[in-house]
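Novice: Okay, here's the structure, questions in a sec.
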Amino acid sequence: MDDIEKRMLKEVAELDSLPVGAFNIRSNGQSAARNSTANIEIVSKTDKSGIDIIIKDGTKNESCHIPVIISKSGVEECVYNDFYVGKDCDVTIVAGCGISNCGGHDSRHDGIHTFHIEKDAHVRYIEKHYGEGTGTGKRLMNPTTEVNLGEGAVMEMDTSQIAGINDTYRITRAVIGPGASLIMHDKILTNLDQTAKAEIVVSLDGDGSKCDIISRGVAKGSSRQDIVIDIAGNSRCSGHASCDSIIMEHGVIVATPKLAASNVDASLIHEAAIGKIAGEQITKLMTLGLTEEQAEAKIIEGFLR
Amino acid sequence: MLELQNVSFSADGKDILRDINITISDKFVAVTGPNGSGKSTLLKIIMGITKPTSGRIIFDGTDITDMPVNERANLGMSFAFQQPVRFKGLKVRDLLSIAAGKDVNINKDCSYLRAVGLCPRDYIDREINDTLSGGEMKRIEIAMAAARGGKLSLFDEPEAGIDLWSFKSLIDVFMNLHNVTNGNIIIISHQERILAIADKIIYLKDGVVEQYAEGEKVMAGLELRHGGSCSCAHGAKGESCNG
């Protein structure tokens, strides 16, 4: 790997070297490195671009890293990853995509991740998106994440996009079985003339199912964010969606929380708030010695943590 | 240490502070007076949160009237708000680190949390958001101002929101700050027990300093110690009042 690829790997997956456990590192359209373990098998798909990650029943405290890096201008790809997580597993999956584009052609990565999570499994999924580059070519990412949670299964999703992506359309669809739950923390910061669209659609289908979707966005410059959080309560369930955003400069944010209950025992709550940074927060941090700019940066850092 | 020269402040056509001329050099000064007398405004003007309509503020010989809040903070001033500010995502640890100017060590630097009655282990990683009660926020606010341990610590009604049973330990925090730092403290308070430990009291009424003298003298003058001598309804019952 060259220096740019190594730096992107650190940015996206916090990796200085090859990770412990199972991994597949994709760089500029090719699998640069792969390792399967006794319990986590990674195989290339035969019919389309992508991989299958098969995690055996009862796998505990193991991790799987699948970062994607694009450092060449003009690379455009659509990759399909299917995750089969066995019963009673307890695993961490670290995905992420970094695009460095110093050329004049657009680079794009569309990752379609589908999770089949079996009974009582617990998955922690971390996905970080990052872009950089001095060229006129754009950095584009359109991830789709489909989650199917079996009885009693739990998925914790931690997704973030903090810098450098020109345009993104992120779709997350989840079907939640009985006693299962989805907790999602999504963070996004856009700047300059970047645009970001997100759709999070959750179907609470099984009795005892739950979801908690917390989205935090900061729109700076002349950027625009559109976010839709759509929860359907089709059973005895509880769903909560919170959309909290800070707008600055000429940023635009459109937040649309949507609830649909078709079961009398569905309990659904949504909250949305958009506003600028409260002046008193800046004042408070200035009384601790920070300049106005430092105070603003600290508030955003905490907000997007 | 601190000098206010002809400081006035008016807003929306109303005079909040009128021509305040005062020199503060005592270690522990309390500011008291009826609601609406301009106490909070006075403290905010000292910190730079509010700009005076006219007048100068001199701190340790330097004219700080046009100095922004953060520069005054770096000169050694700190401020505890009457209504503590909440954040999303920032933890007690973060703010204590900024206040102390370095990363916080749970054993060494959390004595101030302990002093305000909060167990550091329970609170250091709490977010300073809606999940904290008013009383907890207030104590953290005081701990932060104390942690800065600077030349001048300003407290705007620190007792508001603190339950009676914890109040004694708060008095100890101020007494300790008073003894341990080489700094000065100015506190806005209505509480007799805080006024009783002050070196001097500023009694502010209708935007004017009516009295500024030794604590005992001002308290006596306000008939706070001798219950029942005022002609108001409290006096008639033999109780003291702040009138």
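Each chain of the structure tokens is named A, B, ... in the order shown, its residues numbered from 1; ligands are numbered from 1 in display order.
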Could you pull out all residues of stretch 15-108 of chain B with a DSSP call of alpha helix (DSSP H) and give them as a PyMOL selection string?
Specialist: chain B and resi 39-47+69-74+92-100
Novice: Near chain A, which residues of chain B fall within 6 Å when you count only C-alpha atoms, and what do they look like as a PyMOL selection string?
Specialist: chain B and resi 69-70+73-74+88-90+99
Novice: State, in Å with one decimal place, the distance from atom CA of A:Ser181 to atom CA of A:Ile54.
Specialist: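 Interatomic distance, atom CA of A:Ser181 to atom CA of A:Ile54: 21.2 Å.
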Novice: List as a list in words the protein and nucleic acid residues near B:Ser166, meaning an atom at most 12 Å away when only C-alpha atoms are counted, but skip any in the same chain fewer than 6 places from it.
Specialist: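 That gives Ala115, Val116, Gly117, Leu118, Gly135, Glu136, Lys138, Arg139, Glu159, Ala160, Asp172 and Val173 of chain B.
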Novice: With C-alpha atoms retained, export the selected residues as a PDB file, in the first residue's frame.
Specialist:
```
ATOM      1  CA  ALA B 115     -16.036  19.400  47.521  1.00  0.00           C
ATOM      2  CA  VAL B 116     -19.385  20.291  45.958  1.00  0.00           C
ATOM      3  CA  GLY B 117     -20.764  16.923  47.032  1.00  0.00           C
ATOM      4  CA  LEU B 118     -20.443  14.989  43.760  1.00  0.00           C
ATOM      5  CA  GLY B 135     -28.871  21.059  41.593  1.00  0.00           C
ATOM      6  CA  GLU B 136     -26.261  18.828  39.941  1.00  0.00           C
ATOM      7  CA  LYS B 138     -25.235  24.117  39.802  1.00  0.00           C
ATOM      8  CA  ARG B 139     -22.634  22.134  41.719  1.00  0.00           C
ATOM      9  CA  GLU B 159     -27.007  28.842  46.291  1.00  0.00           C
ATOM     10  CA  ALA B 160     -30.043  28.873  43.980  1.00  0.00           C
ATOM     11  CA  ASP B 172     -17.045  25.125  53.126  1.00  0.00           C
ATOM     12  CA  VAL B 173     -16.154  25.212  49.401  1.00  0.00           C
TER      13      VAL B 173
END
```
Novice: So the first atom is atom CA of B:Glu210 and the second is atom CA of B:Leu43; what is the distance between them in Å, to one decimal place?
Specialist: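 Pair atom CA of B:Glu210 / atom CA of B:Leu43 returns 16.7 Å.
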